[in-house]
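Here the structure is laid out as structure tokens; the discussion comes afterwards.
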Amino acid sequence: MSRPARLALLALLCAAAFLLSLGAGKVWVPAESWFTGDPRWAIIVQLRLPRAVLGLAVGAALGLSGAVLQGYLRNPLADPAVVGVSSSAAMGAVAAIIAGFSSVGAMIAAAMAGAALAMALLTLLLWRGGGTVAFVLAGTVLATLAGAATAFLISIAPNPYAVAEAIDWLMGALTDRGPDEVALGVPVMAAGAALLLATGPALDALTLGEAAARSLGVRLGRVQALVVLGTGLAVGASVAVTGVVGFVGLIVPHVLRPWFGARPAALLLPSALGGATLTLTADALVRLVPGPGEVRLGVAMALIGAPFFLWLLLGRRGAAWR
């Protein structure tokens with residue numbers, strides 16, 4: 001199967017996941033009742049359409065960010081959550097909640113600031129020649145510190161309502177998201193995605209090493225700035241509107257690499273489509289869990305992603321032993 005055919009198939013899967021997200025839930029809305037006088041159509045328009053649009057945007061942003069980070073660091077274990085970007089964005093958003101600025105705009109700004117700070121610190125380490133393994137380890141430390149800072153902020157919250165809001169938000173979900181989140185979050189994620197897509201040719205050159213990339217005319221400082229700013233915008237905005245949804249950027253590039261090849265630029269668009277498909281499908285499935293409530297999307301993705309990450313680590317360790 002050719003690459004265009006595979007991209008078309010992936011786009012069809014993404015479209016099917018989007019339609020599933022519109023119809024699935026505690027109340028199923030079958031396709032034959034859409035665009036009719038059926039009162040259930042209001043559920044789609046008012047509740048599920050904004051949620052599906054956010055799921056599409058968030059999944060695409062996280063999948064694309066993971067593919068770019070893996071290509072930029074030349075490390076298949078890199079991911080916004082693994083290297084601490086998501087945790088730092090969450091820390092910024094929780095700080096906004098605790099301070100009483102829980103509007104969507106304030107949370108997006110705070111989360112983007114936290115994500116950009118994390119990327120800047122990790123980039124500084126890369127400039128000092130720490131190596132990719134040290135980079136991932138430093139990211140893990142950064143994620144731990146951000147998590148500790150988030151817990152500290154929650155512990156000093158002035159009232160229990162702020163604590164409840166922060167904890168509920170940290171679990172990550174698309175529940176009760178509406179047009180305001182779409183209007184403020186999606187354009188920021190789109191801007192970040194555009195910057196990340198622009199890094200494709202440079203990422204291909206970096207597979208030959210930094211010296212070879214420079215000889216090919218790649219301006220490493222510009223690439224670094226695009227990665228930092230693009231990841232900060234895309235991940236910061238996604239965390240601000242949904243909370244922490246981890247492992248999408250780790251899982252999707254690995255699943256798609258056998259289909260689209262290991263060349264970083266060739267993996268960017270498929271990772272965006274794959275991330276959107278995974279997020280939309282997972283969000284539709286968590287609504288179908290029996291009971292009055294639903295499993296949080298961030299919890300479901302952690303249950304999927306943590307074993308996947310462990311499998312990757314064990315596979316790399318086994319390869320090193322052989």
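We name chains A, B, ... following the order of the structure tokens; residues begin at 1 in each chain, and ligands are numbered from 1 as shown.
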
Within 8 Å of A:Ala191, counting only C-alpha atoms, which residues show up once you throw out same-chain ones fewer than 6 positions away? Write them as a list in words, please.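 In the requested form, the answer reads Gly230, Leu233 and Ala234 of chain A.
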
Test item: residues at most 10 Å from stretch 62-65 of chain A, only C-alpha atoms, excluding those fewer than 4 positions along its chain, as a CSV table (one decimal) with N, CA, C and O atoms, in the first residue's frame:
chain,number,residue,atom,x,y,z
A,57,ALA,N,-8.5,18.1,18.3
A,57,ALA,CA,-7.4,19.0,18.4
A,57,ALA,C,-6.3,18.6,19.4
A,57,ALA,O,-5.1,18.6,19.2
A,58,VAL,N,-6.8,18.1,20.6
A,58,VAL,CA,-5.8,17.7,21.7
A,58,VAL,C,-5.1,16.5,21.2
A,58,VAL,O,-3.8,16.4,21.4
A,69,LEU,N,9.3,15.6,19.2
A,69,LEU,CA,10.3,15.5,20.3
A,69,LEU,C,11.2,14.2,20.0
A,69,LEU,O,12.4,14.3,20.3
A,70,GLN,N,10.5,13.2,19.6
A,70,GLN,CA,11.3,11.9,19.3
A,70,GLN,C,12.3,12.2,18.1
A,70,GLN,O,13.4,11.7,18.2
A,71,GLY,N,11.9,12.9,17.1
A,71,GLY,CA,12.8,13.2,16.0
A,71,GLY,C,13.9,14.2,16.4
A,71,GLY,O,15.0,14.0,16.0
A,78,ALA,N,11.1,9.8,24.0
A,78,ALA,CA,10.7,11.2,24.3
A,78,ALA,C,9.2,11.4,24.1
A,78,ALA,O,8.6,10.8,23.2
A,79,ASP,N,8.6,12.2,24.9
A,79,ASP,CA,7.2,12.4,24.9
A,79,ASP,C,6.9,13.6,25.8
A,79,ASP,O,7.6,13.9,26.8
A,80,PRO,N,5.9,14.5,25.5
A,80,PRO,CA,5.6,15.6,26.3
A,80,PRO,C,5.4,15.3,27.8
A,80,PRO,O,5.8,16.0,28.7
A,81,ALA,N,4.8,14.1,28.1
A,81,ALA,CA,4.6,13.7,29.5
A,81,ALA,C,5.9,13.1,30.1
A,81,ALA,O,6.3,13.4,31.2
A,86,SER,N,4.2,18.1,30.0
A,86,SER,CA,2.8,18.1,30.4
A,86,SER,C,2.7,18.4,31.9
A,86,SER,O,1.8,19.2,32.4
A,189,MET,N,-3.6,25.7,19.8
A,189,MET,CA,-3.0,24.4,19.5
A,189,MET,C,-2.7,24.3,18.0
A,189,MET,O,-1.6,23.8,17.6
A,192,GLY,N,0.6,26.2,17.4
A,192,GLY,CA,1.7,25.3,17.9
A,192,GLY,C,2.0,24.2,16.9
A,192,GLY,O,3.1,23.9,16.6
A,193,ALA,N,0.9,23.6,16.4
A,193,ALA,CA,1.1,22.5,15.4
A,193,ALA,C,1.7,23.0,14.1
A,193,ALA,O,2.6,22.3,13.5
A,196,LEU,N,5.4,23.2,14.7
A,196,LEU,CA,6.0,21.9,14.8
A,196,LEU,C,6.1,21.3,13.4
A,196,LEU,O,7.1,20.6,13.1
A,197,LEU,N,5.1,21.4,12.6
A,197,LEU,CA,5.2,20.9,11.2
A,197,LEU,C,6.3,21.5,10.4
A,197,LEU,O,6.9,20.8,9.5
A,227,VAL,N,10.8,24.2,18.1
A,227,VAL,CA,10.4,23.0,18.9
A,227,VAL,C,9.9,23.5,20.3
A,227,VAL,O,8.8,23.1,20.8
A,230,GLY,N,6.6,25.7,19.7
A,230,GLY,CA,5.5,24.9,19.2
A,230,GLY,C,5.0,23.9,20.2
A,230,GLY,O,3.8,23.8,20.4
A,231,THR,N,5.9,23.3,20.9
A,231,THR,CA,5.5,22.4,22.0
A,231,THR,C,4.8,23.1,23.1
A,231,THR,O,3.8,22.6,23.7
A,232,GLY,N,5.4,24.3,23.5
A,232,GLY,CA,4.8,25.0,24.6
A,232,GLY,C,3.3,25.4,24.2
A,232,GLY,O,2.4,25.3,25.0
A,234,ALA,N,1.3,24.1,21.8
A,234,ALA,CA,0.4,22.9,21.5
A,234,ALA,C,0.1,22.2,22.8
A,234,ALA,O,-1.1,21.9,23.2
A,235,VAL,N,1.1,21.8,23.6
A,235,VAL,CA,0.9,21.1,24.8
A,235,VAL,C,0.3,21.9,25.9
A,235,VAL,O,-0.6,21.5,26.6
A,238,SER,N,-3.4,22.3,25.2
A,238,SER,CA,-4.2,21.1,25.4
A,238,SER,C,-4.3,20.7,26.8
A,238,SER,O,-5.4,20.3,27.3
A,239,VAL,N,-3.2,20.9,27.6
A,239,VAL,CA,-3.3,20.7,29.1
A,239,VAL,C,-4.3,21.7,29.7
A,239,VAL,O,-5.0,21.3,30.6
A,245,VAL,N,-3.4,14.6,29.9
A,245,VAL,CA,-3.7,13.4,29.2
A,245,VAL,C,-2.4,12.9,28.6
A,245,VAL,O,-1.9,13.4,27.6
A,246,GLY,N,-1.8,11.9,29.2
A,246,GLY,CA,-0.4,11.5,28.9
A,246,GLY,C,-0.4,10.3,27.9
A,246,GLY,O,-1.4,9.7,27.6
A,247,PHE,N,0.8,10.1,27.4
A,247,PHE,CA,1.2,8.9,26.7
A,247,PHE,C,0.7,8.9,25.2
A,247,PHE,O,1.1,8.0,24.5
A,248,VAL,N,-0.1,9.9,24.8
A,248,VAL,CA,-0.5,9.9,23.4
A,248,VAL,C,0.7,10.1,22.5
A,248,VAL,O,0.8,9.4,21.5
A,249,GLY,N,1.5,11.0,22.8
A,249,GLY,CA,2.7,11.3,22.0
A,249,GLY,C,3.7,10.2,22.1
A,249,GLY,O,4.6,10.2,21.2
A,250,LEU,N,3.7,9.4,23.0
A,250,LEU,CA,4.6,8.2,23.1
A,250,LEU,C,4.1,7.0,22.3
A,250,LEU,O,4.9,6.4,21.5
A,251,ILE,N,2.8,6.7,22.4
A,251,ILE,CA,2.3,5.5,21.8
A,251,ILE,C,2.2,5.7,20.3
A,251,ILE,O,2.6,4.8,19.5
A,252,VAL,N,1.6,6.8,19.8
A,252,VAL,CA,1.2,6.9,18.4
A,252,VAL,C,2.4,6.8,17.5
A,252,VAL,O,2.3,6.1,16.5
A,253,PRO,N,3.5,7.6,17.7
A,253,PRO,CA,4.6,7.4,16.7
A,253,PRO,C,5.2,6.0,16.6
A,253,PRO,O,5.5,5.6,15.5
A,267,LEU,N,6.7,11.2,9.5
A,267,LEU,CA,5.8,10.7,10.6
A,267,LEU,C,5.0,11.8,11.2
A,267,LEU,O,4.1,11.5,12.1
A,268,LEU,N,5.2,13.0,10.9
A,268,LEU,CA,4.6,14.1,11.6
A,268,LEU,C,3.1,14.1,11.4
A,268,LEU,O,2.3,14.1,12.3
A,269,LEU,N,2.6,14.2,10.1
A,269,LEU,CA,1.2,14.3,9.8
A,269,LEU,C,0.5,13.0,10.2
A,269,LEU,O,-0.6,13.1,10.8
A,270,PRO,N,1.0,11.8,10.0
A,270,PRO,CA,0.4,10.6,10.5
A,270,PRO,C,0.2,10.6,12.0
A,270,PRO,O,-0.8,10.1,12.5
A,271,SER,N,1.2,11.1,12.7
A,271,SER,CA,1.1,11.1,14.2
A,271,SER,C,0.0,12.0,14.6
A,271,SER,O,-0.7,11.8,15.6
A,272,ALA,N,-0.2,13.2,13.9
A,272,ALA,CA,-1.3,14.0,14.3
A,272,ALA,C,-2.6,13.3,14.1
A,272,ALA,O,-3.5,13.4,14.9
A,273,LEU,N,-2.8,12.7,12.9
A,273,LEU,CA,-4.0,11.9,12.7
A,273,LEU,C,-4.2,10.8,13.6
A,273,LEU,O,-5.3,10.5,14.1
A,274,GLY,N,-3.1,10.1,13.9
A,274,GLY,CA,-3.2,8.9,14.8
A,274,GLY,C,-3.5,9.4,16.3
A,274,GLY,O,-4.3,8.7,17.0
A,275,GLY,N,-2.9,10.5,16.7
A,275,GLY,CA,-3.2,11.0,18.0
A,275,GLY,C,-4.6,11.4,18.2
A,275,GLY,O,-5.3,11.1,19.2
A,276,ALA,N,-5.2,12.0,17.1
A,276,ALA,CA,-6.6,12.4,17.2
A,276,ALA,C,-7.5,11.2,17.2
A,276,ALA,O,-8.5,11.1,18.0
A,277,THR,N,-7.1,10.2,16.4
A,277,THR,CA,-7.9,8.9,16.4
A,277,THR,C,-7.9,8.2,17.7
A,277,THR,O,-9.0,7.8,18.2
A,278,LEU,N,-6.7,8.1,18.3
A,278,LEU,CA,-6.6,7.5,19.6
A,278,LEU,C,-7.4,8.2,20.7
A,278,LEU,O,-8.1,7.6,21.5
A,279,THR,N,-7.2,9.5,20.8
A,279,THR,CA,-7.9,10.3,21.8
A,279,THR,C,-9.4,10.3,21.6
A,279,THR,O,-10.2,10.1,22.6

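Counting only C-alpha atoms, the residue from A:Leu310, A:Ala99, A:Ala106, A:Leu77 that sits nearest to A:Gly139 is A:Leu77.
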
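Between A:Gly221 and the residues A:Met112, A:Ala17, A:Leu184, A:Ala202, the shortest atom-to-atom distance, using only C-alpha atoms, involves A:Ala202.
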
Shortest interatomic distance to A:Leu47 - which of A:Glu32, A:Asp283, A:Asp176, A:Glu165, counting only C-alpha atoms: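 Of the candidates, the smallest distance to A:Leu47 is held by A:Asp176.
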
Report the residues of stretch 25-173 of chain A whose backbone DSSP state falls under helix (DSSP H, G or I), written as a ChimeraX atom specification. /A:31-33,41-73,85-98,104-127,132-155,160-170

Give me, please, the distance in Å between atom CA of A:Ala109 and atom CA of A:Leu297, quoted to one decimal.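 If I compute the distance from atom CA of A:Ala109 to atom CA of A:Leu297, I get 22.6 Å.
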
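Put simply, atom CA of A:Ala300 is 9.8 Å away from atom CA of A:Ala173.
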
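Each of A:Ile43, A:Ile304, A:Ala146, A:Ile108 was compared to A:Pro30 using only C-alpha atoms, and A:Ile43 turns out to be the nearest.
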
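The coordinates place atom CA of A:Ala115 at 8.2 Å from atom CA of A:Ala90.
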
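Between A:Val188 and the candidates A:Gly100, A:Met91, A:Gly236, A:Ala205, the tightest atom-to-atom separation, counting only C-alpha atoms, involves A:Gly236.
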
Rank nothing, just name the residue among A:Leu313, A:Ile156, A:Leu19, A:Val241 nearest to A:Leu54, using only C-alpha atoms.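 Once distances to A:Leu54 are computed over only C-alpha atoms, the minimum belongs to A:Val241.
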